[in-house]
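run-v7.cif, holding mmCIF, C-alpha atoms:
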```
data_start
#
loop_
_atom_site.label_atom_id
_atom_site.label_comp_id
_atom_site.auth_asym_id
_atom_site.auth_seq_id
_atom_site.Cartn_x
_atom_site.Cartn_y
_atom_site.Cartn_z
CA MET A 1 16.17 11.04 18.30
CA LYS A 2 19.67 11.36 16.91
CA GLY A 3 21.79 10.73 13.84
CA GLU A 4 20.35 8.67 10.99
CA LYS A 5 17.17 7.89 12.85
CA LEU A 6 16.48 11.61 13.24
CA GLU A 7 17.36 12.33 9.61
CA ARG A 8 14.93 9.66 8.40
CA ALA A 9 12.20 10.90 10.71
CA LEU A 10 12.68 14.50 9.56
CA GLU A 11 12.48 13.32 5.98
CA GLU A 12 9.21 11.52 6.75
CA ALA A 13 7.94 14.60 8.53
CA GLY A 14 8.46 16.65 5.40
CA GLY A 15 5.59 14.84 3.74
CA MET A 16 3.18 14.97 6.66
CA PRO A 17 0.49 17.41 7.65
CA SER A 18 1.71 19.67 10.41
CA LEU A 19 0.15 21.15 13.51
CA GLU A 20 1.72 24.12 15.30
CA ILE A 21 1.69 23.72 19.09
CA SER A 22 2.47 26.01 22.02
CA LEU A 23 5.66 25.89 24.10
CA GLU A 24 3.60 24.40 26.92
CA LEU A 25 2.61 21.46 24.70
CA VAL A 26 6.21 21.10 23.56
CA ARG A 27 7.19 20.62 27.20
CA GLU A 28 4.42 18.03 27.59
CA CYS A 29 5.85 16.17 24.56
CA GLU A 30 9.31 16.24 26.10
CA ASN A 31 8.06 15.01 29.47
CA ILE A 32 6.14 12.20 27.79
CA ALA A 33 9.18 11.17 25.72
CA SER A 34 11.74 11.37 28.53
CA GLY A 35 9.76 9.44 31.12
CA GLU A 36 8.64 12.17 33.53
CA PHE A 37 5.08 11.20 32.56
CA SER A 38 5.64 7.45 32.49
CA PRO A 39 3.64 5.28 31.76
CA LEU A 40 2.22 7.71 29.17
CA THR A 41 3.66 7.34 25.68
CA GLY A 42 1.48 9.93 24.00
CA PHE A 43 -1.38 12.33 24.48
CA MET A 44 -4.48 10.76 26.02
CA GLY A 45 -7.23 9.24 23.95
CA ARG A 46 -10.84 9.47 25.06
CA GLU A 47 -10.88 6.33 27.18
CA ASP A 48 -7.88 7.30 29.31
CA TYR A 49 -9.03 10.93 29.43
CA GLU A 50 -12.45 10.04 30.78
CA GLU A 51 -11.12 7.46 33.23
CA VAL A 52 -8.68 10.05 34.58
CA LEU A 53 -11.40 12.70 34.91
CA ASP A 54 -13.93 10.37 36.51
CA HIS A 55 -11.82 7.87 38.45
CA MET A 56 -8.29 9.32 38.67
CA ARG A 57 -6.89 6.25 36.95
CA LEU A 58 -5.82 5.31 33.44
CA SER A 59 -7.83 2.67 31.63
CA SER A 60 -5.07 0.25 32.72
CA ASP A 61 -6.07 1.06 36.34
CA LEU A 62 -2.72 2.73 37.06
CA PRO A 63 -3.08 5.89 39.13
CA TRP A 64 -3.19 9.11 37.13
CA THR A 65 -4.97 12.31 38.10
CA ILE A 66 -4.22 15.07 35.56
CA PRO A 67 -5.27 14.66 31.92
CA ILE A 68 -2.36 15.11 29.52
CA VAL A 69 -4.04 16.29 26.35
CA LEU A 70 -3.23 17.90 23.06
CA HIS A 71 -5.82 20.56 22.36
CA THR A 72 -6.39 22.38 19.11
CA GLU A 73 -9.21 23.81 17.00
CA ARG A 74 -11.07 21.61 14.53
CA GLU A 75 -10.29 23.88 11.59
CA ARG A 76 -6.59 23.37 12.19
CA THR A 77 -7.01 19.65 11.60
CA ASP A 78 -8.31 20.04 8.03
CA GLY A 79 -6.11 17.84 5.93
CA PHE A 80 -5.76 15.04 8.41
CA GLY A 81 -8.08 12.75 10.31
CA ASP A 82 -7.88 9.90 12.75
CA GLY A 83 -5.28 7.30 11.85
CA ARG A 84 -2.95 9.79 10.21
CA GLU A 85 0.61 10.57 11.31
CA ILE A 86 1.35 14.29 11.65
CA VAL A 87 4.29 16.43 12.65
CA LEU A 88 3.91 18.73 15.64
CA THR A 89 5.81 21.98 15.17
CA HIS A 90 6.70 24.94 17.33
CA GLU A 91 7.63 28.22 15.63
CA GLY A 92 7.92 26.19 12.45
CA ARG A 93 10.48 23.78 13.93
CA PRO A 94 9.49 20.06 13.93
CA VAL A 95 9.15 18.84 17.51
CA ALA A 96 7.52 15.40 17.37
CA LEU A 97 5.69 12.95 15.16
CA MET A 98 2.26 11.97 16.36
CA GLU A 99 -0.03 9.19 15.26
CA VAL A 100 -3.49 10.71 15.61
CA GLU A 101 -5.45 7.70 16.85
CA GLU A 102 -8.56 9.66 17.69
CA SER A 103 -10.01 13.10 18.15
CA PHE A 104 -12.82 14.11 20.45
CA PRO A 105 -14.42 17.32 21.64
CA LEU A 106 -13.35 19.08 24.81
CA ASP A 107 -16.17 19.74 27.27
CA ARG A 108 -14.58 22.67 29.08
CA LYS A 109 -16.96 22.66 32.05
CA ARG A 110 -16.56 18.93 32.60
CA HIS A 111 -12.77 19.25 32.27
CA ALA A 112 -12.59 22.14 34.74
CA LEU A 113 -14.86 20.53 37.31
CA GLY A 114 -13.08 17.20 36.95
CA VAL A 115 -9.52 18.49 37.24
CA TYR A 116 -9.92 21.55 39.47
CA GLY A 117 -13.15 20.84 41.30
CA THR A 118 -14.45 24.23 40.19
CA ASP A 119 -15.45 26.10 37.04
CA ASP A 120 -14.74 29.50 38.58
CA PRO A 121 -12.98 31.43 35.81
CA ASP A 122 -10.78 33.13 38.42
CA HIS A 123 -9.03 29.82 39.10
CA PRO A 124 -5.89 29.89 36.89
CA GLY A 125 -6.43 26.31 35.77
CA VAL A 126 -10.03 27.01 34.78
CA ALA A 127 -8.91 30.13 32.93
CA LYS A 128 -6.42 27.96 31.09
CA THR A 129 -9.15 25.41 30.29
CA ASN A 130 -11.35 28.14 28.89
CA SER A 131 -8.55 29.18 26.56
CA MET A 132 -7.90 25.63 25.27
CA GLY A 133 -8.87 24.62 21.77
CA GLY A 134 -12.15 22.72 21.51
CA LEU A 135 -10.74 19.52 20.04
CA LEU A 136 -8.51 16.95 21.76
CA LEU A 137 -6.21 14.69 19.79
CA GLY A 138 -5.01 11.42 21.27
CA GLY A 139 -2.13 9.24 20.13
CA GLU A 140 1.47 8.12 20.56
CA ILE A 141 4.30 10.55 19.94
CA ARG A 142 7.92 10.26 18.86
CA LEU A 143 10.05 13.18 19.95
CA LEU A 144 12.31 14.57 17.23
CA THR A 145 14.18 17.38 18.93
CA GLN A 146 14.59 18.76 22.42
CA THR A 147 14.22 22.44 23.27
CA GLU A 148 17.06 24.24 24.98
CA SER A 149 16.72 23.88 28.76
CA VAL A 150 16.39 27.06 30.73
CA PHE A 151 18.92 25.71 33.26
CA PRO A 152 20.83 23.02 31.35
CA GLN A 153 23.20 22.29 34.22
CA TYR A 154 20.24 21.29 36.44
CA HIS A 155 18.01 19.66 33.87
CA LEU A 156 18.19 15.89 34.37
CA ARG A 157 15.79 13.33 32.91
CA PRO A 158 14.45 10.37 34.89
CA ILE A 159 17.05 7.96 33.51
CA GLU A 160 19.75 10.40 34.67
CA THR A 161 18.37 10.92 38.16
CA ARG A 162 17.95 7.17 38.63
CA ILE A 163 21.57 6.58 37.67
CA LEU A 164 22.64 9.50 39.87
CA PHE A 165 20.85 8.03 42.89
CA LYS A 166 22.40 4.63 42.16
CA GLU A 167 25.88 6.18 41.93
CA LYS A 168 25.36 7.98 45.22
CA GLY A 169 24.24 4.74 46.85
CA TRP A 170 20.84 6.18 47.75
CA ARG A 171 18.25 3.45 48.21
CA THR A 172 15.67 5.86 49.59
CA VAL A 173 15.25 9.33 48.15
CA VAL A 174 12.81 12.02 49.19
CA GLY A 175 11.59 14.50 46.59
CA PHE A 176 10.76 18.11 47.44
CA GLN A 177 8.68 20.12 45.03
CA THR A 178 8.94 23.87 45.13
CA ARG A 179 8.11 27.00 43.20
CA ASN A 180 9.48 29.36 45.82
CA VAL A 181 12.68 30.73 47.16
CA PRO A 182 13.60 28.69 50.28
CA HIS A 183 12.81 29.88 53.76
CA MET A 184 13.62 28.21 57.08
CA GLY A 185 10.36 26.29 57.00
CA HIS A 186 11.27 24.66 53.69
CA GLU A 187 14.67 23.79 55.08
CA TYR A 188 13.00 22.20 58.08
CA LEU A 189 10.78 20.02 55.87
CA GLN A 190 13.69 18.94 53.72
CA LYS A 191 16.10 18.16 56.54
CA THR A 192 13.47 16.41 58.65
CA SER A 193 12.64 14.18 55.68
CA LEU A 194 16.32 13.64 54.89
CA SER A 195 16.77 12.29 58.42
CA PHE A 196 14.77 9.24 57.36
CA THR A 197 16.10 8.77 53.84
CA ASP A 198 19.46 8.43 52.11
CA GLY A 199 19.11 11.44 49.86
CA LEU A 200 17.13 14.56 49.04
CA LEU A 201 16.05 15.69 45.58
CA ILE A 202 15.25 19.39 45.60
CA ASN A 203 13.10 19.73 42.50
CA PRO A 204 11.92 23.25 41.61
CA VAL A 205 9.23 23.45 38.99
CA ILE A 206 10.29 25.66 36.06
CA GLY A 207 7.54 26.78 33.74
CA ARG A 208 4.35 28.77 33.51
CA LYS A 209 3.81 30.71 36.71
CA LYS A 210 1.22 33.12 37.94
CA PRO A 211 1.82 36.81 38.73
CA GLY A 212 3.50 37.19 42.10
CA ASP A 213 5.43 33.92 41.88
CA PHE A 214 9.20 34.10 42.22
CA LYS A 215 11.08 34.08 38.93
CA ASP A 216 12.82 30.80 38.14
CA GLU A 217 16.29 32.36 38.05
CA VAL A 218 15.88 33.72 41.56
CA ILE A 219 14.75 30.35 42.91
CA ILE A 220 17.70 28.53 41.35
CA LYS A 221 20.24 31.08 42.56
CA ALA A 222 18.80 30.91 46.08
CA TYR A 223 18.94 27.13 46.17
CA GLN A 224 22.49 27.11 44.81
CA SER A 225 23.49 29.23 47.79
CA LEU A 226 21.51 27.22 50.30
CA ILE A 227 22.83 23.83 49.18
CA GLU A 228 26.42 25.07 48.95
CA ASN A 229 26.39 26.47 52.46
CA TYR A 230 23.95 24.37 54.45
CA TYR A 231 23.67 20.90 52.91
CA LEU A 232 26.01 17.96 52.48
CA ARG A 233 26.92 17.46 48.84
CA GLU A 234 26.58 13.71 49.21
CA ARG A 235 23.02 14.06 50.54
CA ALA A 236 21.23 16.70 48.48
CA VAL A 237 20.93 17.42 44.78
CA LEU A 238 19.19 20.16 42.84
CA VAL A 239 17.38 19.19 39.64
CA THR A 240 14.83 21.29 37.76
CA LEU A 241 11.54 20.02 36.39
CA GLN A 242 10.14 21.79 33.34
CA LEU A 243 6.44 21.58 33.97
CA ASP A 244 3.54 23.99 33.99
CA MET A 245 1.71 24.26 37.29
CA ARG A 246 -1.97 23.42 37.08
CA TYR A 247 -2.90 24.59 40.62
CA ALA A 248 -5.17 21.55 40.85
CA GLY A 249 -4.51 20.96 44.55
CA PRO A 250 -5.03 17.34 45.62
CA ARG A 251 -5.06 15.87 42.12
CA GLU A 252 -1.84 17.64 41.35
CA ALA A 253 -0.25 16.31 44.56
CA ILE A 254 -0.74 12.79 43.24
CA PHE A 255 0.49 13.80 39.78
CA HIS A 256 3.61 15.40 41.26
CA SER A 257 4.25 12.25 43.31
CA ILE A 258 4.08 10.10 40.19
CA VAL A 259 6.56 12.33 38.38
CA ARG A 260 9.00 12.11 41.31
CA LYS A 261 8.53 8.35 41.44
CA ASN A 262 9.57 8.35 37.80
CA TYR A 263 12.70 10.25 38.83
CA GLY A 264 13.49 7.41 41.22
CA CYS A 265 12.26 8.95 44.45
CA THR A 266 10.82 6.63 47.07
CA HIS A 267 9.24 9.39 49.13
CA PHE A 268 7.62 12.74 48.42
CA ILE A 269 7.01 15.68 50.76
CA VAL A 270 3.43 16.90 50.79
CA GLY A 271 2.75 20.00 52.82
CA ARG A 272 -0.32 21.99 53.56
CA ASP A 273 -2.40 22.88 50.49
CA HIS A 274 0.02 21.35 48.00
CA ALA A 275 -0.40 22.86 44.50
CA GLY A 276 -3.27 24.92 45.81
CA VAL A 277 -4.29 28.46 44.94
CA GLY A 278 -6.51 30.84 46.87
CA ASN A 279 -9.05 28.95 48.95
CA TYR A 280 -10.22 26.44 46.39
CA TYR A 281 -9.04 23.38 48.30
CA GLU A 282 -9.29 22.33 51.93
CA PRO A 283 -5.88 22.71 53.62
CA TYR A 284 -5.24 18.96 53.90
CA ALA A 285 -7.20 17.63 50.94
CA ALA A 286 -3.84 16.94 49.31
CA HIS A 287 -3.02 14.56 52.16
CA GLU A 288 -6.38 12.80 52.24
CA ILE A 289 -6.41 12.02 48.51
CA PHE A 290 -3.47 9.63 48.98
CA GLU A 291 -5.83 7.22 50.78
CA ASN A 292 -7.28 6.37 47.37
CA PHE A 293 -3.94 5.18 46.02
CA PRO A 294 -2.44 2.24 47.94
CA ASP A 295 -0.65 1.35 44.69
CA LEU A 296 1.01 4.71 44.00
CA GLY A 297 4.53 3.32 44.38
CA ILE A 298 5.90 6.30 46.30
CA SER A 299 5.32 7.13 49.95
CA PRO A 300 4.08 10.58 50.89
CA LEU A 301 5.60 12.36 53.87
CA PHE A 302 2.84 14.59 55.19
CA PHE A 303 3.61 17.82 56.96
CA THR A 304 0.98 19.93 58.64
CA SER A 305 1.47 23.59 59.31
CA PHE A 306 4.73 24.62 60.94
CA PHE A 307 6.06 27.86 62.34
CA HIS A 308 9.02 29.37 64.12
CA CYS A 309 8.57 29.16 67.89
CA LYS A 310 10.52 31.76 69.86
CA ARG A 311 10.44 29.62 72.97
CA CYS A 312 11.30 26.32 71.25
CA GLY A 313 14.03 28.25 69.46
CA GLY A 314 13.42 26.83 66.02
CA VAL A 315 10.89 25.50 63.54
CA ALA A 316 8.15 23.48 65.18
CA ASN A 317 4.66 22.18 64.47
CA ASP A 318 1.49 21.57 66.41
CA LYS A 319 2.69 18.07 67.40
CA THR A 320 6.06 19.19 68.75
CA CYS A 321 5.41 22.61 70.29
CA PRO A 322 3.47 23.17 73.55
CA HIS A 323 3.61 26.97 73.41
CA PRO A 324 0.83 29.43 72.59
CA ASP A 325 0.36 31.13 69.20
CA SER A 326 1.73 34.36 70.65
CA ASP A 327 5.18 32.69 70.65
CA HIS A 328 4.88 31.68 66.99
CA GLU A 329 5.99 33.38 63.81
CA SER A 330 4.49 32.09 60.59
CA PHE A 331 6.19 31.42 57.26
CA SER A 332 3.43 33.24 55.43
CA GLY A 333 4.35 33.63 51.77
CA THR A 334 2.36 36.86 51.64
CA ARG A 335 4.26 38.33 54.58
CA ILE A 336 7.67 37.24 53.21
CA ARG A 337 6.86 38.70 49.78
CA SER A 338 5.64 41.92 51.35
CA LEU A 339 8.88 42.36 53.30
CA LEU A 340 11.07 41.56 50.32
CA THR A 341 9.05 43.80 48.01
CA SER A 342 9.55 46.70 50.39
CA GLY A 343 13.30 46.08 50.39
CA LYS A 344 13.52 44.49 53.84
CA ARG A 345 15.14 41.26 54.94
CA PRO A 346 12.71 38.93 56.69
CA PRO A 347 13.85 37.97 60.22
CA GLN A 348 16.69 35.44 60.04
CA GLU A 349 14.62 32.81 61.82
CA ILE A 350 12.26 33.03 58.82
CA MET A 351 14.73 33.35 55.94
CA ARG A 352 18.52 33.03 55.86
CA PRO A 353 20.07 36.47 55.26
CA GLU A 354 22.07 35.31 52.25
CA ILE A 355 18.88 34.03 50.62
CA ALA A 356 17.08 37.30 51.35
CA ASP A 357 20.02 39.21 49.89
CA ILE A 358 19.80 37.23 46.65
CA VAL A 359 16.16 38.21 46.26
CA LEU A 360 16.78 41.81 47.30
CA GLY A 361 19.66 42.05 44.83
CA TRP A 362 17.37 41.14 41.93
CA GLU A 363 15.75 44.07 40.15
CA GLU A 364 12.40 42.34 39.69
CA PRO A 365 12.36 38.98 41.45
CA PHE A 366 8.63 38.31 40.96
CA VAL A 367 6.66 37.36 37.85
CA ALA A 368 4.65 40.37 36.66
CA MET B 369 -16.66 2.96 28.28
CA ASP B 370 -19.71 1.33 29.87
CA ASP B 371 -19.51 -0.28 33.30
CA LYS B 372 -19.88 -3.80 31.89
CA LYS B 373 -16.44 -3.49 30.28
CA LYS B 374 -14.82 -1.80 33.28
CA PHE B 375 -15.68 -4.41 35.91
CA THR B 376 -15.66 -8.17 36.07
CA THR B 377 -16.97 -10.61 38.69
CA VAL B 378 -14.69 -12.55 41.01
CA SER B 379 -15.98 -15.20 43.41
CA ILE B 380 -14.94 -15.37 47.02
CA PRO B 381 -16.24 -17.74 49.72
CA THR B 382 -19.36 -16.43 51.48
CA PRO B 383 -17.80 -16.59 55.00
CA LEU B 384 -14.92 -14.45 53.73
CA PHE B 385 -17.37 -11.99 52.21
CA LYS B 386 -19.19 -11.71 55.54
CA LYS B 387 -15.89 -11.19 57.42
CA VAL B 388 -14.95 -8.39 55.07
CA GLU B 389 -18.41 -6.88 55.36
CA GLU B 390 -17.99 -6.79 59.13
CA ARG B 391 -14.46 -5.45 58.85
CA ILE B 392 -15.46 -2.47 56.71
CA ARG B 393 -18.41 -1.46 58.88
CA ASP B 394 -17.93 2.15 60.05
CA THR B 395 -15.02 2.70 57.69
CA GLY B 396 -14.85 4.83 54.56
CA PHE B 397 -15.36 1.78 52.34
CA THR B 398 -18.90 1.66 50.98
CA SER B 399 -18.80 -1.89 49.66
CA VAL B 400 -16.87 -5.15 49.89
CA SER B 401 -15.95 -4.65 46.24
CA SER B 402 -14.31 -1.29 46.87
CA TYR B 403 -12.35 -2.68 49.83
CA VAL B 404 -11.21 -5.75 47.90
CA ALA B 405 -10.15 -3.55 44.96
CA TYR B 406 -8.13 -1.38 47.37
CA VAL B 407 -6.35 -4.35 48.94
CA LEU B 408 -5.64 -6.04 45.62
CA ARG B 409 -4.21 -2.86 44.12
CA GLU B 410 -1.82 -2.65 47.06
CA VAL B 411 -0.77 -6.29 46.75
CA VAL B 412 -0.33 -6.18 42.97
CA SER B 413 1.75 -3.01 43.09
CA GLU B 414 4.04 -4.45 45.77
CA GLU B 415 4.63 -7.58 43.76
CA ALA B 416 5.37 -5.79 40.51
CA GLU B 417 9.05 -6.37 39.74
CA GLU B 418 10.97 -3.41 38.49
CA GLU B 419 13.67 -4.03 35.95
CA GLU B 420 16.48 -1.55 35.65
CA PRO B 421 15.20 0.67 32.83
CA PHE B 422 18.67 1.39 31.43
CA THR B 423 21.48 -0.56 29.80
CA GLU B 424 25.16 -0.54 30.84
CA GLU B 425 25.83 1.64 27.83
CA ASP B 426 23.14 4.13 28.90
CA GLU B 427 24.59 4.11 32.39
CA GLU B 428 28.12 4.95 31.26
CA ARG B 429 26.91 7.69 28.95
CA VAL B 430 24.79 9.25 31.70
CA LYS B 431 27.60 8.99 34.28
CA GLU B 432 29.81 10.95 31.91
CA ARG B 433 27.21 13.71 31.74
CA LEU B 434 26.70 13.67 35.52
CA ARG B 435 30.47 14.05 36.04
CA ALA B 436 30.62 16.93 33.57
CA LEU B 437 27.78 18.68 35.43
CA GLY B 438 29.43 18.08 38.81
CA TYR B 439 26.79 15.80 40.27
CA ILE B 440 29.33 12.99 40.80
CA ASP B 441 33.14 12.84 40.92
#
```
Rewritten as structure tokens:
Amino acid sequence: MKGEKLERALEEAGGMPSLEISLELVRECENIASGEFSPLTGFMGREDYEEVLDHMRLSSDLPWTIPIVLHTERERTDGFGDGREIVLTHEGRPVALMEVEESFPLDRKRHALGVYGTDDPDHPGVAKTNSMGGLLLGGEIRLLTQTESVFPQYHLRPIETRILFKEKGWRTVVGFQTRNVPHMGHEYLQKTSLSFTDGLLINPVIGRKKPGDFKDEVIIKAYQSLIENYYLRERAVLVTLQLDMRYAGPREAIFHSIVRKNYGCTHFIVGRDHAGVGNYYEPYAAHEIFENFPDLGISPLFFTSFFHCKRCGGVANDKTCPHPDSDHESFSGTRIRSLLTSGKRPPQEIMRPEIADIVLGWEEPFVA
Amino acid sequence: MDDKKKFTTVSIPTPLFKKVEERIRDTGFTSVSSYVAYVLREVVSEEAEEEEPFTEEDEERVKERLRALGYID
């Protein structure tokens, strides 16, 4: 909101009960308000929440796989009940107005099993669920103010990316989700996909990470270098997405596709174990889940495992390479991290030297 | 929400039902209803018209920002 509208809303907010929310929930509010989470216009009520958990669809039957909920503790809602408008605050600053249409208890086990397929507390998403407040509030929101973007020059909202793609004359756009510094395998996926579309949206996820993940600043710097030196400006753009990873595997693959559809993408790259963690999900469960959504509105581009083949002389996969495993070098994240952590450049067929140098030049490139 | 509110009955000719039943044999579809729901979702989503979600004014404002950020000339 801006100008007089904002002033009036802030005045209204002054007389309302308030509820302090985390930065993560602030980001959810912003993504709801700006269209990343379209068609959502607020936090989920019970009907949508249960439909999403049980059937991976909203009550309107539109595909949706990850519950978007506002959690709190019951004692923090003293002073307001269902049907009341409240102001959501963060560090005392008003963030959004919310009409609390309903409240309902969180069943943590049901939530974890539904979203993550496990209630193992070692799964980061389950750990997060176990730390959530026991009450869920559902209702529409009106965003008052926006937080400062971590990378303002790369932070575009869906309306902006759609206009960007229109200006560039891109009728087909492939989205690439990442939370890693690029290696040659990523470049292969992106450029292969770009061969069949007009444009490429490189869309790193900026937000809550787990220990061992690359820091956001390192990822952005690496992609700046890669795009500048190895991509055509008229064919590839870098835009950040402020979103916490859930590590929900297949469900999150669908969720990520929907977000990129909202950006204006027509296609979305889905690799092996998309949004996975550890061994919780089968390697290609994130491909198979798309069979349930003929109405998703964005086409997945599935990639199976790929590797560098010394004899093929480049990146290949099991459909294009006839050579034995002994000729293959993998793009193992563990191996790449291990080399970088010990101060070594990975082989150039695995990672471009200038990208490796960016990581090596950073004092602590990984999240602690 | 109970199942009565979530589903409604649609009539199709019996010969068509039998054709579909035959068609889905040995597939992942467990019922004619689930297959029909799948097909209809696909058809409905393809037919949904998408209006441009922004006005000319929005477009000009955004283009200014995109130029300032270097995304377009």
Suppose you want the space between atom CA of A:Ile159 and atom CA of A:Val95; what is it in Å? 20.9 Å
Residues selected by the PyMOL selection byres ((chain B and resi 421) around 12), written as a list of chain:residue names: A:Gly35, A:Ser38, A:Pro158, A:Ile159, A:Glu160, A:Thr161, A:Arg162, A:Ile163, A:Asn262, A:Tyr263, A:Gly264, B:Glu417, B:Glu418, B:Glu419, B:Glu420, B:Phe422, B:Thr423, B:Glu424, B:Glu425, B:Asp426, B:Glu427
Which residues of chain A are close to chain B, meaning at most 8 Å apart when you count only C-alpha atoms, and how do they look as a count of residues only? 15
Non-local contacts of A:Met132 (9 Å; all atoms listed in the file; under 6 positions in same chain excluded) as number ranges by chain: A: 71-73, 106, 108
Could you expand the PyMOL selection byres ((chain A and resi 346-357) around 7) into the explicit residues it covers here, written as a VMD selection string? chain A and resid 183 to 184 222 308 331 336 339 344 to 345 358 to 361
Output C-alpha atoms for every residue in the selection just made, as a JSON list (two decimals), in the frame of the given file.
```json
[["chain", "number", "residue", "atom", "x", "y", "z"],
["A", 183, "HIS", "CA", 12.81, 29.88, 53.76],
["A", 184, "MET", "CA", 13.62, 28.21, 57.08],
["A", 222, "ALA", "CA", 18.80, 30.91, 46.08],
["A", 308, "HIS", "CA", 9.02, 29.37, 64.12],
["A", 331, "PHE", "CA", 6.19, 31.42, 57.26],
["A", 336, "ILE", "CA", 7.67, 37.24, 53.21],
["A", 339, "LEU", "CA", 8.88, 42.36, 53.30],
["A", 344, "LYS", "CA", 13.52, 44.49, 53.84],
["A", 345, "ARG", "CA", 15.14, 41.26, 54.94],
["A", 358, "ILE", "CA", 19.80, 37.23, 46.65],
["A", 359, "VAL", "CA", 16.16, 38.21, 46.26],
["A", 360, "LEU", "CA", 16.78, 41.81, 47.30],
["A", 361, "GLY", "CA", 19.66, 42.05, 44.83]]
```
Could you state which residues are captured by the PyMOL selection byres ((chain A and resi 248) around 7) in this file, as number ranges by chain? A: 115-116, 246-247, 249-252, 275-276
Among A:Phe43, A:Phe176, A:Phe214, A:Trp362, A:Gly138 is approached most closely, using all atoms listed in the file, by A:Phe43
Find the residues around A:Asp325 up to 9 Å (only C-alpha atoms counted), leave out those fewer than 3 positions away in its own chain, and share them as an mmCIF file with C-alpha atoms, in the coordinates of the input.
```
data_model
loop_
_atom_site.group_PDB
_atom_site.id
_atom_site.type_symbol
_atom_site.label_atom_id
_atom_site.label_comp_id
_atom_site.auth_asym_id
_atom_site.auth_seq_id
_atom_site.Cartn_x
_atom_site.Cartn_y
_atom_site.Cartn_z
ATOM 1 C CA CYS A 309 8.570 29.160 67.890
ATOM 2 C CA HIS A 328 4.880 31.680 66.990
ATOM 3 C CA GLU A 329 5.990 33.380 63.810
#
```
Could you tell me how far atom CA of A:His123 sits from atom CA of A:Gly278, in Å to one decimal place? 8.2 Å
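Among the candidates A:Pro211, A:Leu6, A:Glu50, A:Glu102, the one nearest to A:Trp64 when counting only C-alpha atoms is A:Glu50.
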Return the single residue from A:Cys265, A:Met16, A:Val259, A:Leu156 that is closest to A:Val239, with distances computed using all atoms listed in the file.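 Ranking A:Cys265, A:Met16, A:Val259, A:Leu156 by distance to A:Val239, first place goes to A:Leu156.
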Residue among A:Val150, A:Val126, A:Val205, A:Leu243 lying closest to A:Cys29, counting only C-alpha atoms: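 So, comparing all the options, the nearest one is A:Leu243.
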Interatomic distance (Å, one decimal) between atom CA of A:Lys2 and atom CA of A:Leu144: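 One can read the atom CA of A:Lys2 to atom CA of A:Leu144 distance as 8.0 Å.
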Counting only C-alpha atoms, figure out which residue out of A:Gly81, A:Gly139, A:Pro121, A:Gly3 gets nearest to A:Ile32. A:Gly139
Do you know which residues are at most 10 Å from A:Arg76 counting only C-alpha atoms, after dropping those on the same chain fewer than 6 positions away, and could you put them as number ranges by chain? A: 18-20, 133, 135
What's around A:Glu28 at 9 Å? Count all atoms listed in the file, leave out sequence neighbours fewer than 5 positions away in its own chain, and write the answer as a list of chain:residue names. A:Leu23, A:Ala33, A:Phe37, A:Phe43, A:Ile68, A:Val69, A:Leu70, A:Gln242, A:Leu243, A:Asp244
